[in-house]
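Structure, as structure tokens:
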Amino acid sequence: MKLYVPHVGHMEGLEDLLSGSEDIYAVYMAGTPDYVGTGRTNLSAPGLEEIREQTEYAHDKGVKMEIVLNSSCMGGQHLTPQGFNKINWYFDRLNDIGIDSITIAEPYFVEMLTKDYDMEVVVSVLSFVDSPQKAEFYEELGADTIVVDPVVNRDFTRLEAIKDSVSCDLKLLVNEGCLYQCPFRYAHFNFFSHANGPGPKLNVLDDYYYYKCLSLRINDPQQLIKSPWIRPEDLKDYEHITDTFKIGGRTHFTNWILNNVRAYTDRSYDGNLMDLLDCPRDIRDLFFIPNKELEGAISQWKQCTKVCNKCGYCKKLAEKIIKVYSTEGCENILKPLKENGGQ
């Protein structure tokens, strides 16, 4: 199994990460947003010399280094002469440093990197590859690896069709806790791409999409079950699709990342599934989802038609196993979802 692991972007964090586990195949981090942004918030924005130092350290440990430049919207800057020259210069520097792979969402960059550079070209989840047709398109552009849109993580017919349609490698994101079929997904990642890109910087009042997303799950906790995460125990069901898995969470601290590495390496986690999910961290202490009680659910999801109003399986499962943290006096206790007003 090849495990791609998030890294916050500074040397101290990388040292802690690689000293904490020998099961990491590759680490990935954002670059500086001065050239190309990313679809996630950055805790650190390393410059070129920092990237060089960290890449050399990772290589010394036998670990590959991946840079994530997966802005879903560049505002057309990359198609201007000035923007192209600046980005091309940055790619040159990363290539000289010895970066193993670059994750991008912009189709133009896929073709650009394939033609002119030695770095592996990885198509991001923010390219939303959820069909064999999209996979074929990106492979024809030159993709070496495609990170499949997690929305189809439980649609094995679709996953197998994507696998059969291309010869490039596939990678699956295992611990995304985003809403299934999220209506905010495109707008939210475009917002992040501009907020974490070369500018002009946005002066926004709040992240509407994130807080709306939280409220939907608080009011309807079955959405936590529907999210397209893959349990550590269920990796075996995906081995015919790929041997390469990605843990999301480059805004988290090292101890959280290493807990995920252990869980997915051991293919077992006896605790709260919420501990493993990249999103949403702000409601992690509200719900307890006993991971071991989800055993066997994947059998249902393999045959699921994804018509929730006719199925109801995830709703029933949520009512059966999810518990809610509640305060009584000075103590925190766990109550069944139903007793706390769950629907």
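Just so we're on the same page: first chain in the structure tokens is A, next is B, and so on; residues restart at 1 for each chain, and ligands are numbered from 1 in the order they show up.
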Per residue of range 233-338 of chain A within 7 Å of range 17-32 of chain A, note the shortest atom pair and the distance in Å to one decimal, counting only C-alpha atoms, and order the rows by chain and increasing residue number, as CSV.
residue,atom,partner,partner_atom,distance
A:Arg250,CA,A:Met29,CA,6.8
A:Thr254,CA,A:Leu17,CA,6.0
A:Leu258,CA,A:Gly20,CA,6.9
Set the distance at 8 Å and use only C-alpha atoms: which residues neighbour range 90-103 of chain A once local chain neighbours fewer than 4 positions away are removed? I'd like the list as a PyMOL selection string. chain A and resi 35+48+51-52+55+64-70+86+117-124
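Across the model, the gap from CA of Lys302 in chain A to CA of Asp164 in chain A is 17.8 Å.
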Name all residues at most 12 Å from Glu140 in chain A (count only C-alpha atoms; drop same-chain ones fewer than 4 positions away) and give them as a PyMOL selection string. chain A and resi 107+110-111+114+133-136+144-146+165-168
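When CA of Leu126 in chain A is paired with CA of Thr244 in chain A, their separation reads 17.7 Å.
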Can you pull out every residue within 9 Å of Val125 in chain A, counting only C-alpha atoms, but drop anything in the same chain fewer than 4 positions away, and send it as a PyMOL selection string? chain A and resi 70+104-105+129+146-150+172-173
Store the residues picked out above, limited to all heavy atoms, as a PDB file, in the first residue's frame.
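Contents of again20.pdb, freshly written:
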ATOM      1  N   ASN A  70      -3.515  22.924  -6.420  1.00  0.00           N
ATOM      2  CA  ASN A  70      -4.789  22.525  -7.025  1.00  0.00           C
ATOM      3  C   ASN A  70      -5.858  23.609  -6.943  1.00  0.00           C
ATOM      4  O   ASN A  70      -7.011  23.349  -6.592  1.00  0.00           O
ATOM      5  CB  ASN A  70      -5.292  21.224  -6.396  1.00  0.00           C
ATOM      6  CG  ASN A  70      -5.575  21.356  -4.915  1.00  0.00           C
ATOM      7  OD1 ASN A  70      -5.116  22.297  -4.264  1.00  0.00           O
ATOM      8  ND2 ASN A  70      -6.325  20.417  -4.371  1.00  0.00           N
ATOM      9  N   ILE A 104      -2.483  19.055  -9.483  1.00  0.00           N
ATOM     10  CA  ILE A 104      -3.140  20.236 -10.015  1.00  0.00           C
ATOM     11  C   ILE A 104      -4.571  19.912 -10.411  1.00  0.00           C
ATOM     12  O   ILE A 104      -4.922  18.756 -10.636  1.00  0.00           O
ATOM     13  CB  ILE A 104      -2.380  20.860 -11.232  1.00  0.00           C
ATOM     14  CG1 ILE A 104      -2.393  19.973 -12.436  1.00  0.00           C
ATOM     15  CG2 ILE A 104      -1.041  21.386 -10.862  1.00  0.00           C
ATOM     16  CD1 ILE A 104      -1.363  18.901 -12.553  1.00  0.00           C
ATOM     17  N   ALA A 105      -5.401  20.967 -10.474  1.00  0.00           N
ATOM     18  CA  ALA A 105      -6.796  20.801 -10.889  1.00  0.00           C
ATOM     19  C   ALA A 105      -7.055  21.422 -12.255  1.00  0.00           C
ATOM     20  O   ALA A 105      -8.037  21.065 -12.910  1.00  0.00           O
ATOM     21  CB  ALA A 105      -7.736  21.428  -9.858  1.00  0.00           C
ATOM     22  N   VAL A 129     -13.138  14.183 -11.048  1.00  0.00           N
ATOM     23  CA  VAL A 129     -13.180  13.028 -11.949  1.00  0.00           C
ATOM     24  C   VAL A 129     -14.057  11.957 -11.316  1.00  0.00           C
ATOM     25  O   VAL A 129     -13.649  11.253 -10.387  1.00  0.00           O
ATOM     26  CB  VAL A 129     -11.772  12.488 -12.237  1.00  0.00           C
ATOM     27  CG1 VAL A 129     -11.853  11.240 -13.125  1.00  0.00           C
ATOM     28  CG2 VAL A 129     -10.918  13.555 -12.910  1.00  0.00           C
ATOM     29  N   ILE A 146      -4.632   9.937 -11.280  1.00  0.00           N
ATOM     30  CA  ILE A 146      -5.878  10.672 -11.060  1.00  0.00           C
ATOM     31  C   ILE A 146      -6.372  10.365  -9.654  1.00  0.00           C
ATOM     32  O   ILE A 146      -6.515   9.197  -9.282  1.00  0.00           O
ATOM     33  CB  ILE A 146      -6.950  10.276 -12.078  1.00  0.00           C
ATOM     34  CG1 ILE A 146      -6.522  10.671 -13.500  1.00  0.00           C
ATOM     35  CG2 ILE A 146      -8.296  10.911 -11.729  1.00  0.00           C
ATOM     36  CD1 ILE A 146      -7.436  10.132 -14.596  1.00  0.00           C
ATOM     37  N   VAL A 147      -6.607  11.417  -8.877  1.00  0.00           N
ATOM     38  CA  VAL A 147      -7.256  11.248  -7.575  1.00  0.00           C
ATOM     39  C   VAL A 147      -8.754  11.332  -7.832  1.00  0.00           C
ATOM     40  O   VAL A 147      -9.279  12.389  -8.177  1.00  0.00           O
ATOM     41  CB  VAL A 147      -6.811  12.316  -6.562  1.00  0.00           C
ATOM     42  CG1 VAL A 147      -7.329  11.953  -5.166  1.00  0.00           C
ATOM     43  CG2 VAL A 147      -5.295  12.465  -6.537  1.00  0.00           C
ATOM     44  N   VAL A 148      -9.427  10.224  -7.684  1.00  0.00           N
ATOM     45  CA  VAL A 148     -10.843  10.127  -8.047  1.00  0.00           C
ATOM     46  C   VAL A 148     -11.690  10.975  -7.096  1.00  0.00           C
ATOM     47  O   VAL A 148     -11.424  11.047  -5.888  1.00  0.00           O
ATOM     48  CB  VAL A 148     -11.302   8.657  -8.011  1.00  0.00           C
ATOM     49  CG1 VAL A 148     -12.782   8.538  -8.369  1.00  0.00           C
ATOM     50  CG2 VAL A 148     -10.451   7.821  -8.966  1.00  0.00           C
ATOM     51  N   ASP A 149     -12.695  11.620  -7.636  1.00  0.00           N
ATOM     52  CA  ASP A 149     -13.627  12.397  -6.817  1.00  0.00           C
ATOM     53  C   ASP A 149     -14.226  11.483  -5.746  1.00  0.00           C
ATOM     54  O   ASP A 149     -14.830  10.448  -6.076  1.00  0.00           O
ATOM     55  CB  ASP A 149     -14.735  12.959  -7.713  1.00  0.00           C
ATOM     56  CG  ASP A 149     -15.629  13.962  -7.002  1.00  0.00           C
ATOM     57  OD1 ASP A 149     -15.683  13.943  -5.753  1.00  0.00           O
ATOM     58  OD2 ASP A 149     -16.278  14.763  -7.692  1.00  0.00           O
ATOM     59  N   PRO A 150     -14.101  11.837  -4.471  1.00  0.00           N
ATOM     60  CA  PRO A 150     -14.633  10.971  -3.409  1.00  0.00           C
ATOM     61  C   PRO A 150     -16.129  10.721  -3.490  1.00  0.00           C
ATOM     62  O   PRO A 150     -16.634   9.788  -2.854  1.00  0.00           O
ATOM     63  CB  PRO A 150     -14.279  11.733  -2.120  1.00  0.00           C
ATOM     64  CG  PRO A 150     -13.141  12.613  -2.496  1.00  0.00           C
ATOM     65  CD  PRO A 150     -13.370  12.992  -3.926  1.00  0.00           C
ATOM     66  N   LEU A 172      -7.170   7.134  -4.156  1.00  0.00           N
ATOM     67  CA  LEU A 172      -8.429   7.390  -3.470  1.00  0.00           C
ATOM     68  C   LEU A 172      -8.186   8.165  -2.176  1.00  0.00           C
ATOM     69  O   LEU A 172      -7.293   7.815  -1.393  1.00  0.00           O
ATOM     70  CB  LEU A 172      -9.151   6.084  -3.158  1.00  0.00           C
ATOM     71  CG  LEU A 172      -9.616   5.249  -4.355  1.00  0.00           C
ATOM     72  CD1 LEU A 172     -10.296   3.971  -3.874  1.00  0.00           C
ATOM     73  CD2 LEU A 172     -10.545   6.040  -5.258  1.00  0.00           C
ATOM     74  N   LEU A 173      -8.984   9.205  -1.965  1.00  0.00           N
ATOM     75  CA  LEU A 173      -8.956   9.979  -0.729  1.00  0.00           C
ATOM     76  C   LEU A 173      -9.855   9.285   0.283  1.00  0.00           C
ATOM     77  O   LEU A 173     -11.049   9.104   0.038  1.00  0.00           O
ATOM     78  CB  LEU A 173      -9.437  11.399  -1.009  1.00  0.00           C
ATOM     79  CG  LEU A 173      -9.499  12.378   0.154  1.00  0.00           C
ATOM     80  CD1 LEU A 173      -8.125  12.572   0.796  1.00  0.00           C
ATOM     81  CD2 LEU A 173     -10.051  13.722  -0.321  1.00  0.00           C
TER      82      LEU A 173
END
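Rounded to one decimal, CA of Lys171 in chain A and CA of Val36 in chain A lie 22.4 Å from each other.
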Could you list, with a cut-off of 6 Å and counting only C-alpha atoms, the residues of range 136-196 of chain A near range 271-294 of chain A, each shown with its nearest atom pair and the distance in Å rounded to one decimal, rows sorted by chain and ascending number, as JSON lines?
{"residue": "A:Asn175", "atom": "CA", "partner": "A:Leu277", "partner_atom": "CA", "distance": 5.0}
{"residue": "A:Glu176", "atom": "CA", "partner": "A:Asp278", "partner_atom": "CA", "distance": 5.5}
{"residue": "A:Gly177", "atom": "CA", "partner": "A:Cys279", "partner_atom": "CA", "distance": 4.8}
Using DSSP on the backbone coordinates, identify all residues within range 79-279 of chain A classified as strand (DSSP E or B); present the result as a list in words. Ser101, Ile102, Thr103, Ile104, Glu120, Val121, Val122, Val123, Thr145, Ile146, Val147, Asp169, Leu170, Lys171, Leu172, Leu173, Thr244, Phe245, Lys246 and Asn272 of chain A
Members of range 35-125 of chain A assigned alpha helix (DSSP H) by DSSP, as a ChimeraX atom specification: /A:48-60,81-97,107-116
Leaving out range 186-192 of chain A and any residue of its chain fewer than 3 positions from it, which residues lie within 10 Å of it when counting only C-alpha atoms, given as a list of chain:residue names? A:Gly37, A:Thr38, A:Gly39, A:Arg40, A:Thr41, A:Asn42, A:Asn70, A:Ser71, A:Ser72, A:Cys73, A:Met74, A:Gly75, A:Leu126, A:Ser127, A:Phe128, A:Cys182, A:Pro183, A:Ala195, A:Asn196, A:Gly197, A:Leu202, A:Val204, A:Asp207, A:Tyr208, A:Tyr209, A:Tyr210
Would you save the residues from that selection as a PDB file, in the first residue's frame, using N, CA and C atoms?
ATOM      1  N   GLY A  37      -2.517  29.024  -6.350  1.00  0.00           N
ATOM      2  CA  GLY A  37      -3.180  28.766  -5.079  1.00  0.00           C
ATOM      3  C   GLY A  37      -3.558  27.310  -4.908  1.00  0.00           C
ATOM      4  N   THR A  38      -4.266  27.018  -3.836  1.00  0.00           N
ATOM      5  CA  THR A  38      -4.752  25.677  -3.561  1.00  0.00           C
ATOM      6  C   THR A  38      -6.217  25.751  -3.152  1.00  0.00           C
ATOM      7  N   GLY A  39      -6.858  24.593  -3.182  1.00  0.00           N
ATOM      8  CA  GLY A  39      -8.264  24.535  -2.823  1.00  0.00           C
ATOM      9  C   GLY A  39      -8.517  24.350  -1.339  1.00  0.00           C
ATOM     10  N   ARG A  40      -7.476  24.463  -0.547  1.00  0.00           N
ATOM     11  CA  ARG A  40      -7.620  24.341   0.906  1.00  0.00           C
ATOM     12  C   ARG A  40      -6.885  25.494   1.586  1.00  0.00           C
ATOM     13  N   THR A  41      -7.254  25.747   2.837  1.00  0.00           N
ATOM     14  CA  THR A  41      -6.526  26.726   3.626  1.00  0.00           C
ATOM     15  C   THR A  41      -5.125  26.201   3.930  1.00  0.00           C
ATOM     16  N   ASN A  42      -4.144  27.100   3.934  1.00  0.00           N
ATOM     17  CA  ASN A  42      -2.765  26.719   4.228  1.00  0.00           C
ATOM     18  C   ASN A  42      -2.375  27.147   5.635  1.00  0.00           C
ATOM     19  N   ASN A  70      -3.515  22.924  -6.420  1.00  0.00           N
ATOM     20  CA  ASN A  70      -4.789  22.525  -7.025  1.00  0.00           C
ATOM     21  C   ASN A  70      -5.858  23.609  -6.943  1.00  0.00           C
ATOM     22  N   SER A  71      -5.484  24.823  -7.282  1.00  0.00           N
ATOM     23  CA  SER A  71      -6.487  25.877  -7.404  1.00  0.00           C
ATOM     24  C   SER A  71      -7.532  25.467  -8.435  1.00  0.00           C
ATOM     25  N   SER A  72      -8.809  25.580  -8.061  1.00  0.00           N
ATOM     26  CA  SER A  72      -9.881  25.234  -9.002  1.00  0.00           C
ATOM     27  C   SER A  72     -10.267  26.420  -9.867  1.00  0.00           C
ATOM     28  N   CYS A  73      -9.736  27.591  -9.547  1.00  0.00           N
ATOM     29  CA  CYS A  73      -9.991  28.777 -10.356  1.00  0.00           C
ATOM     30  C   CYS A  73      -8.804  29.720 -10.247  1.00  0.00           C
ATOM     31  N   MET A  74      -8.257  30.079 -11.395  1.00  0.00           N
ATOM     32  CA  MET A  74      -7.127  31.005 -11.457  1.00  0.00           C
ATOM     33  C   MET A  74      -7.558  32.390 -11.922  1.00  0.00           C
ATOM     34  N   GLY A  75      -8.833  32.576 -12.147  1.00  0.00           N
ATOM     35  CA  GLY A  75      -9.299  33.861 -12.629  1.00  0.00           C
ATOM     36  C   GLY A  75      -8.733  34.240 -13.987  1.00  0.00           C
ATOM     37  N   LEU A 126     -10.131  18.038  -7.017  1.00  0.00           N
ATOM     38  CA  LEU A 126     -10.848  19.251  -7.408  1.00  0.00           C
ATOM     39  C   LEU A 126     -11.019  19.363  -8.921  1.00  0.00           C
ATOM     40  N   SER A 127     -10.582  18.335  -9.634  1.00  0.00           N
ATOM     41  CA  SER A 127     -10.956  18.204 -11.049  1.00  0.00           C
ATOM     42  C   SER A 127     -12.244  17.399 -11.183  1.00  0.00           C
ATOM     43  N   PHE A 128     -12.708  16.839 -10.064  1.00  0.00           N
ATOM     44  CA  PHE A 128     -14.010  16.172  -9.980  1.00  0.00           C
ATOM     45  C   PHE A 128     -14.151  15.037 -10.990  1.00  0.00           C
ATOM     46  N   CYS A 182     -22.338  17.399  -2.224  1.00  0.00           N
ATOM     47  CA  CYS A 182     -22.393  18.731  -1.609  1.00  0.00           C
ATOM     48  C   CYS A 182     -22.759  19.805  -2.640  1.00  0.00           C
ATOM     49  N   PRO A 183     -23.794  20.601  -2.372  1.00  0.00           N
ATOM     50  CA  PRO A 183     -24.191  21.650  -3.314  1.00  0.00           C
ATOM     51  C   PRO A 183     -23.262  22.857  -3.304  1.00  0.00           C
ATOM     52  N   ALA A 195      -8.861  32.905  -2.223  1.00  0.00           N
ATOM     53  CA  ALA A 195      -8.392  33.347  -0.915  1.00  0.00           C
ATOM     54  C   ALA A 195      -6.961  32.893  -0.640  1.00  0.00           C
ATOM     55  N   ASN A 196      -6.574  31.734  -1.220  1.00  0.00           N
ATOM     56  CA  ASN A 196      -5.238  31.175  -0.999  1.00  0.00           C
ATOM     57  C   ASN A 196      -4.378  31.236  -2.253  1.00  0.00           C
ATOM     58  N   GLY A 197      -4.684  32.179  -3.132  1.00  0.00           N
ATOM     59  CA  GLY A 197      -3.947  32.306  -4.379  1.00  0.00           C
ATOM     60  C   GLY A 197      -3.147  33.587  -4.450  1.00  0.00           C
ATOM     61  N   LEU A 202      -8.834  38.602  -0.907  1.00  0.00           N
ATOM     62  CA  LEU A 202     -10.235  38.883  -0.637  1.00  0.00           C
ATOM     63  C   LEU A 202     -10.418  39.406   0.784  1.00  0.00           C
ATOM     64  N   VAL A 204     -13.194  39.142   2.973  1.00  0.00           N
ATOM     65  CA  VAL A 204     -14.517  38.540   3.176  1.00  0.00           C
ATOM     66  C   VAL A 204     -14.925  38.626   4.632  1.00  0.00           C
ATOM     67  N   ASP A 207     -16.863  32.638   6.078  1.00  0.00           N
ATOM     68  CA  ASP A 207     -16.911  31.521   5.145  1.00  0.00           C
ATOM     69  C   ASP A 207     -18.317  30.931   5.199  1.00  0.00           C
ATOM     70  N   TYR A 208     -19.216  31.482   4.407  1.00  0.00           N
ATOM     71  CA  TYR A 208     -20.615  31.071   4.393  1.00  0.00           C
ATOM     72  C   TYR A 208     -20.754  29.568   4.181  1.00  0.00           C
ATOM     73  N   TYR A 209     -19.989  29.026   3.227  1.00  0.00           N
ATOM     74  CA  TYR A 209     -20.149  27.628   2.835  1.00  0.00           C
ATOM     75  C   TYR A 209     -19.810  26.687   3.982  1.00  0.00           C
ATOM     76  N   TYR A 210     -18.736  26.987   4.692  1.00  0.00           N
ATOM     77  CA  TYR A 210     -18.297  26.112   5.777  1.00  0.00           C
ATOM     78  C   TYR A 210     -19.329  26.079   6.903  1.00  0.00           C
TER      79      TYR A 210
END
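Proximity of A:Phe137, A:Val63, A:Asp155, A:Gly13 to Thr305 in chain A, computed with only C-alpha atoms, is greatest for A:Asp155.
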Near-Tyr264 in chain A list (6 Å; only C-alpha atoms; drop same-chain fewer than 3 positions) as a ChimeraX atom specification: /A:232,261,267
